[in-house]
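S.K.: My questions all concern the structure below.
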Amino acid sequence: MTAADADRPLPETVLLTGFPGFLGSRLLPRILRRSPGARAACLVQPRFEALAKQRAATLEVADPALAGRIDLVAGDLTSPGLGIDGGDRLAAGVTEIWHLAAVYDLSVAREVGMRVNVEGTRNVLRFAEGCPGLRRHHYVSTCYVSGRHCGPFREGDLDVGQAFNNFYEETKFLAEVEVAEARTGGMPTTVYRPAIVVGDSRTGDTQKFDGPYFLLQWLVRQPRWAALVPYVGDPTMVRFNMVPSDFVIDAVDHLSGLDGSAGRTYQLADPRPLTVDALLTEMCRATGRRGVRVRLPHRLTTWTLAHVGPVERIVGIPASAVEYFVHPTHYDTTAATRDLAGSGVACPPVADYLPTLVRFMTEHSDANLGVMV
């Protein structure tokens with residue numbers, strides 16, 4: 001850095017991880033529109049550099065006001081200082097941090113989840129502590145930090161002695177514990193916990209088909225007149241909480257702009273989730289199938305899917321997905337519902353958008369891009 005560089009005023013900078021992922025790509029234009037004088041520094045892994053350049057160019061074409069305001073910064077969440085060359089100078093201008101990047105994979109190995117989700121979050125927090133002008137820190141978690149907690153899980157809850165279904169849940173929980181400790185220490189943090197995120201309710205657009213899509217894909221492969229609908233447990237007693245991506249984006253956009261949202265946690269879940277029983281009915285209706293329910297033993301089913309490879313390949317439903325159809329947790333959304341009141345942002349009923357998801361899924365079988373977030 002030259003003497004001239006050192007004397008030049010630092011631009012107001014928003015640091016964002018998780019670009020060019022789905023959520024980051026859609027939130028970034030809104031963040032920059034809200035702060036017309038700010039620039040974005042997007043932390044990008046080298047393997048995503050080409051896609052990040054393409055996506056940044058697409059955003060700038062769609063909104064010329066973004067032109068020249070998106071900087072791609074090579075780095076690595078898992079490295080101290082985020083692996084950024086000249087990180088101290090960047091930190092000096094950072095006023096807002098959005099930490100979206102994580103490994104979103106129910107089958108993630110614990111070592112990978114600990115390195116990316118936990119150590120990566122810890123590195124972002126350490127970087128944030130070195131930003132003298134930091135005004136806000138936004139962290140995207142997940143409702144499933146609840147693990148298998150039985151009963152209501154409130155927005156103020158975190159460690160309730162829960163067990164976890166997988167290392168994804170556990171490492172996101174441990175990461176949020178780190179965030180909560182930093183917030184207790186004074187970091188102006190807002191936490192957003194989405195439920196299971198599916199495609200856009202208006203277009204169906206998504207980057208990956210997982211979660212409820214596994215069952216939808218199973219249904220569309222079968223005859224319309226009789227499609228086997230497997231289930232485990234008691235579907236009338238369990239609620240399946242999913243939310244369309246546009247609701248999550250609109251909600252985060254609105255809540256993040258509220259002066260009073262610093263220090264709060266918002267569960268971006270459907271306040272009126274369908275029971276699994278009702279969801280299966282809606283899935284059959286949306287796919288145009290006459291469903292024939294087949295009850296399967298829970299433990300034997302998950303074991304078979306996990307250990308007998310041909311079964312999972314034929315059915316197309318991974319063992320890790322089964323647990324969410326017997327999930328015992330109900331997500332309270334009191335703070336999110338209160339702070340979204342009057343904004344026009346609300347989670348639509350599943351029956352209203354499920355046919356749109358099915359239409360997109362059948363027309364875009366290659367949508368699984370595997371990009372984080």
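By convention here, the chains of the structure tokens are called A, B, ... in the order presented, each chain's residues are numbered starting at 1, and ligands are numbered starting at 1 in the order presented.
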So which bits of range 122-364 of chain A end up strand (DSSP E) when you DSSP the backbone, as a ChimeraX atom specification?

M.R.: /A:136-140,151-153,189-194,196-198,227-231,239-240,242-244,265-268,274-275,291-295,329-331

S.K.: Please identify all polymer residues within 12 Å of Asp85 in chain A, counting only C-alpha atoms, omitting same-chain residues fewer than 2 positions from it, and present them as a PyMOL selection string.

M.R.: chain A and resi 1+43+73-76+79-83+87-91

S.K.: For range 253-311 of chain A against range 338-353 of chain A, with a cut-off of 7 Å and counting only C-alpha atoms, what is the closest atom pair and its distance in Å to one decimal for every residue that makes the cut, ordered by chain and number, as CSV?

M.R.:
```
residue,atom,partner,partner_atom,distance
A:Leu255,CA,A:Asp339,CA,6.9
A:Asp270,CA,A:Cys347,CA,5.9
A:Glu282,CA,A:Ala351,CA,6.3
```

S.K.: I want to know what sits within 10 Å of range 217-222 of chain A, based on only C-alpha atoms, with residues of the same chain fewer than 2 positions away left out; could you give that as a count of residues only?

M.R.: 29

S.K.: Pull the alpha helix (DSSP H) assignments for range 21-221 of chain A out of DSSP run on the backbone, and list those residues as a PyMOL selection string.

M.R.: chain A and resi 22-34+49-62+87-93+110-113+120-129+167-184+212-220

S.K.: Kindly give the distance, in Å, that separates CA of Val179 in chain A and CA of Val124 in chain A, rounded to a single decimal.

M.R.: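 Straight-line distance from CA of Val179 in chain A to CA of Val124 in chain A works out to 9.7 Å.
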
S.K.: For Ile196 in chain A, which of A:Val294, A:Ala41, A:Met242, A:Ala278 is the closest residue, counting only C-alpha atoms?

M.R.: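 Closest candidate: A:Met242.
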
S.K.: Report as a tab-separated table (two decimals) with N, CA and C atoms, in the first residue's frame all protein, DNA and RNA residues lying within 12 Å of Asp332 in chain A, evaluated on only C-alpha atoms, omitting residues in the same chain fewer than 6 positions from it.

M.R.:
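Output saved as selection_15.tsv:
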```tsv
chain	number	residue	atom	x	y	z
A	143	CYS	N	-33.57	-22.60	11.84
A	143	CYS	CA	-34.46	-23.03	12.92
A	143	CYS	C	-33.97	-24.32	13.55
A	146	SER	N	-32.49	-26.07	16.88
A	146	SER	CA	-33.33	-26.69	17.91
A	146	SER	C	-33.02	-28.16	18.08
A	151	GLY	N	-41.50	-29.95	21.40
A	151	GLY	CA	-42.37	-28.88	21.84
A	151	GLY	C	-41.98	-27.56	21.23
A	152	PRO	N	-42.47	-26.45	21.79
A	152	PRO	CA	-42.18	-25.13	21.22
A	152	PRO	C	-40.72	-24.72	21.41
A	153	PHE	N	-40.16	-24.11	20.39
A	153	PHE	CA	-38.80	-23.57	20.44
A	153	PHE	C	-38.91	-22.10	20.10
A	154	ARG	N	-38.59	-21.26	21.07
A	154	ARG	CA	-38.82	-19.82	20.93
A	154	ARG	C	-37.59	-19.12	20.35
A	155	GLU	N	-37.82	-17.90	19.91
A	155	GLU	CA	-36.72	-17.16	19.29
A	155	GLU	C	-35.61	-16.83	20.27
A	156	GLY	N	-35.94	-16.76	21.55
A	156	GLY	CA	-34.92	-16.53	22.56
A	156	GLY	C	-34.24	-17.79	23.04
A	157	ASP	N	-34.70	-18.97	22.59
A	157	ASP	CA	-34.10	-20.24	22.99
A	157	ASP	C	-32.86	-20.53	22.15
A	193	ARG	N	-33.24	-17.10	11.54
A	193	ARG	CA	-33.33	-18.56	11.50
A	193	ARG	C	-34.44	-19.00	10.53
A	194	PRO	N	-34.12	-19.28	9.29
A	194	PRO	CA	-35.14	-19.80	8.38
A	194	PRO	C	-35.49	-21.25	8.72
A	195	ALA	N	-36.72	-21.64	8.40
A	195	ALA	CA	-37.11	-23.04	8.45
A	195	ALA	C	-36.59	-23.69	7.16
A	241	ASN	N	-42.39	-27.66	8.64
A	241	ASN	CA	-42.30	-26.22	8.48
A	241	ASN	C	-41.38	-25.86	7.32
A	265	THR	N	-33.33	-12.09	17.62
A	265	THR	CA	-33.32	-13.32	16.81
A	265	THR	C	-34.71	-13.50	16.23
A	266	TYR	N	-34.76	-13.78	14.93
A	266	TYR	CA	-36.03	-13.96	14.24
A	266	TYR	C	-36.11	-15.36	13.64
A	267	GLN	N	-37.15	-16.08	13.97
A	267	GLN	CA	-37.40	-17.38	13.34
A	267	GLN	C	-38.32	-17.16	12.14
A	268	LEU	N	-37.74	-17.34	10.95
A	268	LEU	CA	-38.47	-17.11	9.71
A	268	LEU	C	-39.11	-18.43	9.29
A	269	ALA	N	-40.15	-18.77	10.03
A	269	ALA	CA	-40.87	-20.02	9.83
A	269	ALA	C	-42.32	-19.72	9.51
A	270	ASP	N	-43.01	-20.71	9.01
A	270	ASP	CA	-44.44	-20.58	8.74
A	270	ASP	C	-45.17	-20.61	10.09
A	271	PRO	N	-45.88	-19.55	10.45
A	271	PRO	CA	-46.57	-19.56	11.74
A	271	PRO	C	-47.74	-20.54	11.78
A	272	ARG	N	-48.16	-21.02	10.60
A	272	ARG	CA	-49.27	-21.98	10.52
A	272	ARG	C	-48.85	-23.16	9.64
A	273	PRO	N	-47.85	-23.92	10.05
A	273	PRO	CA	-47.36	-25.02	9.21
A	273	PRO	C	-48.37	-26.15	9.10
A	338	ARG	N	-44.34	-9.95	14.80
A	338	ARG	CA	-44.54	-8.59	15.32
A	338	ARG	C	-43.80	-7.56	14.49
```

S.K.: Would you compute the distance between CA of Glu363 in chain A and CA of Ala57 in chain A? Give it in Å to one decimal.

M.R.: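 These two atoms are separated by 25.9 Å.
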
S.K.: Can you work out which one of A:Gln54, A:Gln45, A:Thr275, A:Asn166 has the shortest atom-to-atom distance to Tyr104 in chain A, counting only C-alpha atoms?

M.R.: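 Counting only C-alpha atoms, the residue closest to Tyr104 in chain A is A:Asn166.
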